[in-house]
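Read the structure below first, then the notes.
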Amino acid sequence: MNSPRTEIESLLAIDVGSVNTRAVLFDVAAERYHFVAAGLAPSTADAPYKDIGEGTRAALEDLQRITGRTLVGKDERVILPGHPDGSGVDAMVLSMSAGPLLNVVAVGLLQDVSLESAQRLAASSYTRLAESIWLNDHRKAETQIDAIIQARPDILIVAGGTDHGANKSIANLMEVVGLACYLTPVENRPILMYAGNQELAGRIKEQFDVMTTVRLAPNIRPDFDLEDLSPAQICLAEIVNQIRGARVAGVSDLAVQSGGYTLPTANAFGRVIRFLSRIYDQNKGVLGVDLGATATTVAAAFGGKLALHVNRPLGMGAGIEGLLDPAQVAEISRWLSIALPEDDLLDYMHQKIAYPASLPVTPEELAIEQAIARQALRVAIRGIPRGLVEPVHPDGAGLSAPFEPILATGAVLTQAPTQGQSMLMLLDALQPVGVTTLVLDQNHLAPALGLAAGINTLLPVQILESGAFLNLGTVISPICSADPGTPIVRFRLVYSDGTEATAEVKQGSLHVLPLARNQTAQLYLEPLHHTDLGFGRAGRGVKITGGALGAVIDGRGRPIRLAGDPSERQEQHKKWLWALGG
């Protein structure tokens, strides 16, 4: 990408999803950057159009209608740069999650070291792991070659050897890779991405350049005990953009207009989460979840170190395919607040796969959508790459590391009928520990800000401070194994004027604290019955700020215990939703 520029005022961000295309406008007012508006239209990356230009033009028309500004010229291209009369914009960026799923073959020396790193690298973008090859693979060389060819990879990721480490072993693996490429028709040969021992990088590029495209990336395992995926993720993102640009009409044209400021949506989303981790509490991580139609992206960052995982197929449209096995369907049923035969649930899921843009129109359909969302997020967070911390509880039921804040986006979360439903979906699915703030990205601005940072570093900072994101509220999650109904925490909330509010929280309940939006107070918690508050000394107090739902003490324990009887379980869900406002 190009160097950051500071002179821009207006910026247009295009995000092409598998269901919707968004056109988002930022501009300067009163010497600060602000989110102006967003235009929305159905995406056209898939049949019958297979051209993202149609959906982009419709989204831009919607944005022009909302703002009254002229952004597109008579040639149907964005007016760049902006004109003195206010038409056009100074810069444009493009992010994209729509498009074909790319097959990847991962090649590494050791199965549980470099190969796992290569697989985690592949999972950071919109790819499908089709095959894996490693040094001690017991299959014969010819079988490995056949496996690579039959996988029909778009990308070959090769890793292995620390810098100044193994040479001969990598050379043996590259013989298999080379023969597989040679035997593949020229027009179908994959892009070879080498991210291993850097001493061999030049030799491998020279050897393979004659038969396929070679991209060199920094070693993802520069030391045996060190994994560093971030530089290679940038290289992989560029490869994904290159392949999609060749296969989906309209991508290359928009990429040219954006001046090269284009990334897969997941990578742009990850940039924002990494940025936030540098400015928030260094003792905690920042978590971001993007629940889309075909993929669910989870980004966890700690002190500027990012772990990024794209779960696909897993989402609220075609991605429901990833939840169709009997075990997942049974889990979804446990999150339903209504009685529903499993056949009816499966029927709805198949209908949603076929018609991903459809919306729930009855209370029953809404309950199904929100139960699916819970399970999709529960599955997604299990894929958070390890290494920075152990962010997920060993039983996979929720988070074990504290995060501050947790940023969530995706239509099922941001467009829920009530904010209480949004919060409850996140609490049920993620089950955060300690003290955290839940934030909703209602207009899907995060990917745009991630890309905007490459042009103007001030813009994302001021947008994040502007209130464009919705603070749902601070959540305190004590952990206790007491019986339901047992008092586990006694709290005292001291307001800035000296007045106080006190009450007890019982095991199995959600308690909303009387705190208005943006109001601050000091919260003192007294643990009862061996309750673990997850932070400091109880008498010290915690300063909290009210969000849209004030602040919430989640006294349901970790993991949340759901009743075994279906009717009792449904009553639990209704009681918890009622506590958050219905």
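So you can find residues: chains in the structure tokens are A, B, ... in the order shown, residues in each start at 1, and ligands are numbered from 1 in order.
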
Tell me, counting only C-alpha atoms, for each residue of stretch 184-209 of chain A within 9 Å of stretch 156-160 of chain A, which pair of atoms is nearest and how far apart they are in Å to one decimal, in rows ordered by chain and increasing number, as a Markdown table.
```
| residue | atom | partner | partner_atom | distance |
| --- | --- | --- | --- | --- |
| A:Pro190 | CA | A:Leu156 | CA | 6.3 |
| A:Ile191 | CA | A:Leu156 | CA | 6.2 |
| A:Leu192 | CA | A:Leu156 | CA | 4.8 |
| A:Met193 | CA | A:Ile157 | CA | 4.9 |
| A:Tyr194 | CA | A:Val158 | CA | 4.9 |
| A:Ala195 | CA | A:Ala159 | CA | 5.0 |
| A:Gly196 | CA | A:Ala159 | CA | 4.2 |
| A:Asn197 | CA | A:Gly160 | CA | 6.3 |
```

Write the selection just made, keeping C-alpha atoms, as a CSV table (one decimal), in the first residue's frame?
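Output file part32.csv is given in full below:
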```
chain,number,residue,atom,x,y,z
A,190,PRO,CA,-1.6,-22.2,-7.8
A,191,ILE,CA,0.2,-19.2,-6.5
A,192,LEU,CA,3.1,-20.4,-4.4
A,193,MET,CA,3.5,-18.4,-1.2
A,194,TYR,CA,6.8,-19.2,0.6
A,195,ALA,CA,7.0,-18.2,4.3
A,196,GLY,CA,9.8,-20.4,5.6
A,197,ASN,CA,13.6,-20.2,6.1
```

Practice task
Would you return as a list of chain:residue names the members of stretch 166-231 of chain A that DSSP assigns to strand (DSSP E or B) on this structure's backbone?
Solution key: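 Result set for stretch 166-231 of chain A (strand (DSSP E or B)): A:Ile191, A:Leu192, A:Met193, A:Tyr194, A:Val214, A:Arg215, A:Leu216, A:Asp223, A:Leu226.
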
Exercise for the section: Fewer than 4 positions away in the same chain doesn't count, so skip those; otherwise give me all residues within 7 Å of A:Leu528, counting only C-alpha atoms, as a list in words. Expected result: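 Near neighbours after the sequence-gap exclusion: Pro487, Ile488 and Val489 of chain A.
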
Handout entry: Distance query stretch 120-126 of chain A at most 8 Å, only C-alpha atoms, self and fewer than 2 positions along chain excluded, as number ranges by chain
Key = A: 97, 101-102, 104, 106, 116-118, 128-129, 157, 229, 232-233, 236-237, 240, 264, 266-267, 308-312, 385

Please save N, CA and C atoms of the selected residues as a PDB file, in the first residue's frame.
```pdb
ATOM      1  N   SER A  97     -15.552  -9.140   1.331  1.00  0.00           N
ATOM      2  CA  SER A  97     -15.643 -10.490   1.874  1.00  0.00           C
ATOM      3  C   SER A  97     -16.367 -11.420   0.910  1.00  0.00           C
ATOM      4  N   LEU A 101     -14.555 -18.927  -2.484  1.00  0.00           N
ATOM      5  CA  LEU A 101     -13.719 -19.465  -1.417  1.00  0.00           C
ATOM      6  C   LEU A 101     -12.494 -20.101  -2.067  1.00  0.00           C
ATOM      7  N   LEU A 102     -11.299 -19.713  -1.640  1.00  0.00           N
ATOM      8  CA  LEU A 102     -10.067 -20.149  -2.283  1.00  0.00           C
ATOM      9  C   LEU A 102      -9.489 -21.377  -1.581  1.00  0.00           C
ATOM     10  N   VAL A 104      -6.633 -23.867  -0.349  1.00  0.00           N
ATOM     11  CA  VAL A 104      -5.243 -23.747   0.078  1.00  0.00           C
ATOM     12  C   VAL A 104      -4.695 -25.129   0.413  1.00  0.00           C
ATOM     13  N   ALA A 106      -1.522 -26.478   2.563  1.00  0.00           N
ATOM     14  CA  ALA A 106      -0.485 -26.044   3.498  1.00  0.00           C
ATOM     15  C   ALA A 106       0.641 -27.073   3.526  1.00  0.00           C
ATOM     16  N   GLU A 116       1.219 -26.283  11.458  1.00  0.00           N
ATOM     17  CA  GLU A 116       0.118 -25.639  12.174  1.00  0.00           C
ATOM     18  C   GLU A 116       0.131 -24.126  11.957  1.00  0.00           C
ATOM     19  N   SER A 117       1.317 -23.547  11.903  1.00  0.00           N
ATOM     20  CA  SER A 117       1.414 -22.108  11.643  1.00  0.00           C
ATOM     21  C   SER A 117       0.895 -21.782  10.251  1.00  0.00           C
ATOM     22  N   ALA A 118       1.244 -22.598   9.264  1.00  0.00           N
ATOM     23  CA  ALA A 118       0.753 -22.386   7.902  1.00  0.00           C
ATOM     24  C   ALA A 118      -0.761 -22.517   7.848  1.00  0.00           C
ATOM     25  N   ARG A 128     -10.150 -22.073   2.181  1.00  0.00           N
ATOM     26  CA  ARG A 128     -10.535 -23.382   2.697  1.00  0.00           C
ATOM     27  C   ARG A 128      -9.314 -24.284   2.633  1.00  0.00           C
ATOM     28  N   LEU A 129      -8.964 -24.878   3.767  1.00  0.00           N
ATOM     29  CA  LEU A 129      -7.814 -25.771   3.800  1.00  0.00           C
ATOM     30  C   LEU A 129      -8.201 -27.079   3.119  1.00  0.00           C
ATOM     31  N   ILE A 157       0.748 -22.659   0.419  1.00  0.00           N
ATOM     32  CA  ILE A 157       1.498 -21.986   1.475  1.00  0.00           C
ATOM     33  C   ILE A 157       2.577 -22.933   1.981  1.00  0.00           C
ATOM     34  N   LEU A 229       2.693 -14.249  12.439  1.00  0.00           N
ATOM     35  CA  LEU A 229       1.908 -14.359  11.213  1.00  0.00           C
ATOM     36  C   LEU A 229       1.626 -13.014  10.553  1.00  0.00           C
ATOM     37  N   ALA A 232       3.111 -12.048   7.070  1.00  0.00           N
ATOM     38  CA  ALA A 232       2.647 -12.979   6.042  1.00  0.00           C
ATOM     39  C   ALA A 232       1.161 -12.808   5.765  1.00  0.00           C
ATOM     40  N   GLN A 233       0.385 -12.360   6.771  1.00  0.00           N
ATOM     41  CA  GLN A 233      -1.044 -12.126   6.550  1.00  0.00           C
ATOM     42  C   GLN A 233      -1.265 -11.024   5.519  1.00  0.00           C
ATOM     43  N   LEU A 236      -0.688 -12.673   2.175  1.00  0.00           N
ATOM     44  CA  LEU A 236      -1.814 -13.531   1.822  1.00  0.00           C
ATOM     45  C   LEU A 236      -3.019 -12.698   1.409  1.00  0.00           C
ATOM     46  N   ALA A 237      -3.262 -11.594   2.097  1.00  0.00           N
ATOM     47  CA  ALA A 237      -4.385 -10.718   1.733  1.00  0.00           C
ATOM     48  C   ALA A 237      -4.225 -10.190   0.313  1.00  0.00           C
ATOM     49  N   VAL A 240      -5.090 -13.027  -2.086  1.00  0.00           N
ATOM     50  CA  VAL A 240      -6.539 -13.224  -2.149  1.00  0.00           C
ATOM     51  C   VAL A 240      -7.181 -12.143  -3.012  1.00  0.00           C
ATOM     52  N   PRO A 264      -9.053  -7.613   2.040  1.00  0.00           N
ATOM     53  CA  PRO A 264     -10.190  -8.430   2.457  1.00  0.00           C
ATOM     54  C   PRO A 264     -10.784  -7.841   3.737  1.00  0.00           C
ATOM     55  N   ALA A 266     -11.909  -9.070   6.434  1.00  0.00           N
ATOM     56  CA  ALA A 266     -11.403  -9.619   7.695  1.00  0.00           C
ATOM     57  C   ALA A 266     -10.090  -8.965   8.102  1.00  0.00           C
ATOM     58  N   ASN A 267      -9.195  -8.751   7.151  1.00  0.00           N
ATOM     59  CA  ASN A 267      -7.906  -8.133   7.470  1.00  0.00           C
ATOM     60  C   ASN A 267      -8.079  -6.676   7.893  1.00  0.00           C
ATOM     61  N   LEU A 308      -5.966 -13.570  14.211  1.00  0.00           N
ATOM     62  CA  LEU A 308      -7.111 -13.391  13.314  1.00  0.00           C
ATOM     63  C   LEU A 308      -7.559 -14.737  12.781  1.00  0.00           C
ATOM     64  N   HIS A 309      -8.864 -14.992  12.843  1.00  0.00           N
ATOM     65  CA  HIS A 309      -9.383 -16.272  12.368  1.00  0.00           C
ATOM     66  C   HIS A 309     -10.696 -16.031  11.622  1.00  0.00           C
ATOM     67  N   VAL A 310     -10.745 -16.499  10.386  1.00  0.00           N
ATOM     68  CA  VAL A 310     -11.962 -16.399   9.570  1.00  0.00           C
ATOM     69  C   VAL A 310     -12.602 -17.785   9.514  1.00  0.00           C
ATOM     70  N   ASN A 311     -13.772 -17.906  10.107  1.00  0.00           N
ATOM     71  CA  ASN A 311     -14.486 -19.174  10.149  1.00  0.00           C
ATOM     72  C   ASN A 311     -15.471 -19.226   8.981  1.00  0.00           C
ATOM     73  N   ARG A 312     -15.200 -20.116   8.017  1.00  0.00           N
ATOM     74  CA  ARG A 312     -16.060 -20.200   6.835  1.00  0.00           C
ATOM     75  C   ARG A 312     -16.102 -21.634   6.340  1.00  0.00           C
ATOM     76  N   PRO A 385      -6.707 -18.322  17.430  1.00  0.00           N
ATOM     77  CA  PRO A 385      -5.373 -18.934  17.505  1.00  0.00           C
ATOM     78  C   PRO A 385      -4.743 -18.751  18.873  1.00  0.00           C
TER      79      PRO A 385
END
```

Exercise for the section: Using atom CA of A:Gly434 and atom CA of A:Leu413 as the two end points, give the distance in Å to one decimal. Expected result: 22.2 Å

Handout entry: Which residue of A:Leu306, A:Val19, A:Leu94, A:Ile368 approaches A:Ser333 most closely, using only C-alpha atoms
Key =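 Smallest distance to A:Ser333 is found for A:Ile368.
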
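Going from atom CA of A:Arg274 over to atom CA of A:Ala307, you cover 8.9 Å.
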
Problem - Å distance separating atom CA of A:Pro341 from atom CA of A:Gln421, one decimal place - result: 22.8 Å

May I have the residues within 10 Å of A:Asp428 as a short mmCIF file (atom, residue, chain, number, x, y, z; two decimals) with C-alpha atoms, in the first residue's frame, using only C-alpha atoms and disregarding those fewer than 6 positions away in the same chain?
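Listed below is the output, selection-v9.cif:
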```cif
data_model
loop_
_atom_site.label_atom_id
_atom_site.label_comp_id
_atom_site.auth_asym_id
_atom_site.auth_seq_id
_atom_site.Cartn_x
_atom_site.Cartn_y
_atom_site.Cartn_z
CA TRP A 335 -30.57 -21.57 22.92
CA ALA A 371 -30.24 -18.99 18.60
CA ARG A 374 -25.33 -17.65 19.55
CA GLN A 375 -24.05 -21.00 18.33
CA LEU A 377 -20.29 -17.17 17.74
CA ARG A 378 -19.62 -20.00 20.21
CA ALA A 397 -18.00 -22.78 26.52
CA GLY A 398 -16.74 -19.20 26.49
CA ARG A 556 -25.13 -16.81 35.76
CA PRO A 559 -19.99 -21.62 31.92
CA ILE A 560 -23.66 -20.65 31.92
CA HIS A 573 -34.08 -17.49 28.33
#
```

Handout entry: Surrounding residues of A:Leu366 excluding itself and chain neighbours under 5 positions, 10 Å, only C-alpha atoms, as an MDAnalysis selection string
Key = chainID A and resid 336 359:361 371:372 412 416:417

Selection file, C-alpha atoms, as a compact mmCIF listing (two decimals), in the first residue's frame:
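Here's the written file selection-v1.txt:
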```txt
# COMPACT_ATOMS: atom_id res chain seq x y z
CA LEU A 336 -34.18 -21.37 21.70
CA LEU A 359 -35.33 -11.53 7.24
CA PRO A 360 -37.26 -13.06 10.15
CA VAL A 361 -40.90 -11.90 10.08
CA ALA A 371 -30.24 -18.99 18.60
CA ILE A 372 -28.22 -19.65 15.42
CA VAL A 412 -28.31 -10.08 13.45
CA ALA A 416 -31.98 -6.79 16.70
CA PRO A 417 -35.39 -5.35 17.72
```

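The residue that comes closest to A:Thr21, out of A:Ile79, A:Ala98, A:Val89, A:Ile279 and on the basis of only C-alpha atoms, is A:Ala98.
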
Exercise for the section: Step one, run DSSP on the backbone; step two, keep only residues of stretch 222-286 of chain A assigned to helix (DSSP H, G or I); then write them as a PyMOL selection string. Expected result: chain A and resi 230-247+251-257+265-279

Practice task
Please identify all polymer residues within 12 Å of A:Gln570, counting only C-alpha atoms, omitting same-chain residues fewer than 2 positions from it, and present them as a list in words.
Solution key: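 What passes the distance filter is Ser333, Arg334, Trp335, Leu336, Ser337, Ile338, Ala339, Leu340, Ala367, Ala371, Leu562, Ala563, Gly564, Asp565, Pro566, Ser567, Glu568, Gln572, His573, Lys574, Lys575, Trp576 and Leu577 of chain A.
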
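Considering the residues A:Gly285, A:Gly508, A:Gly534, A:Gly582 and counting only C-alpha atoms, A:Gly557 has its shortest atom-to-atom contact with A:Gly508.
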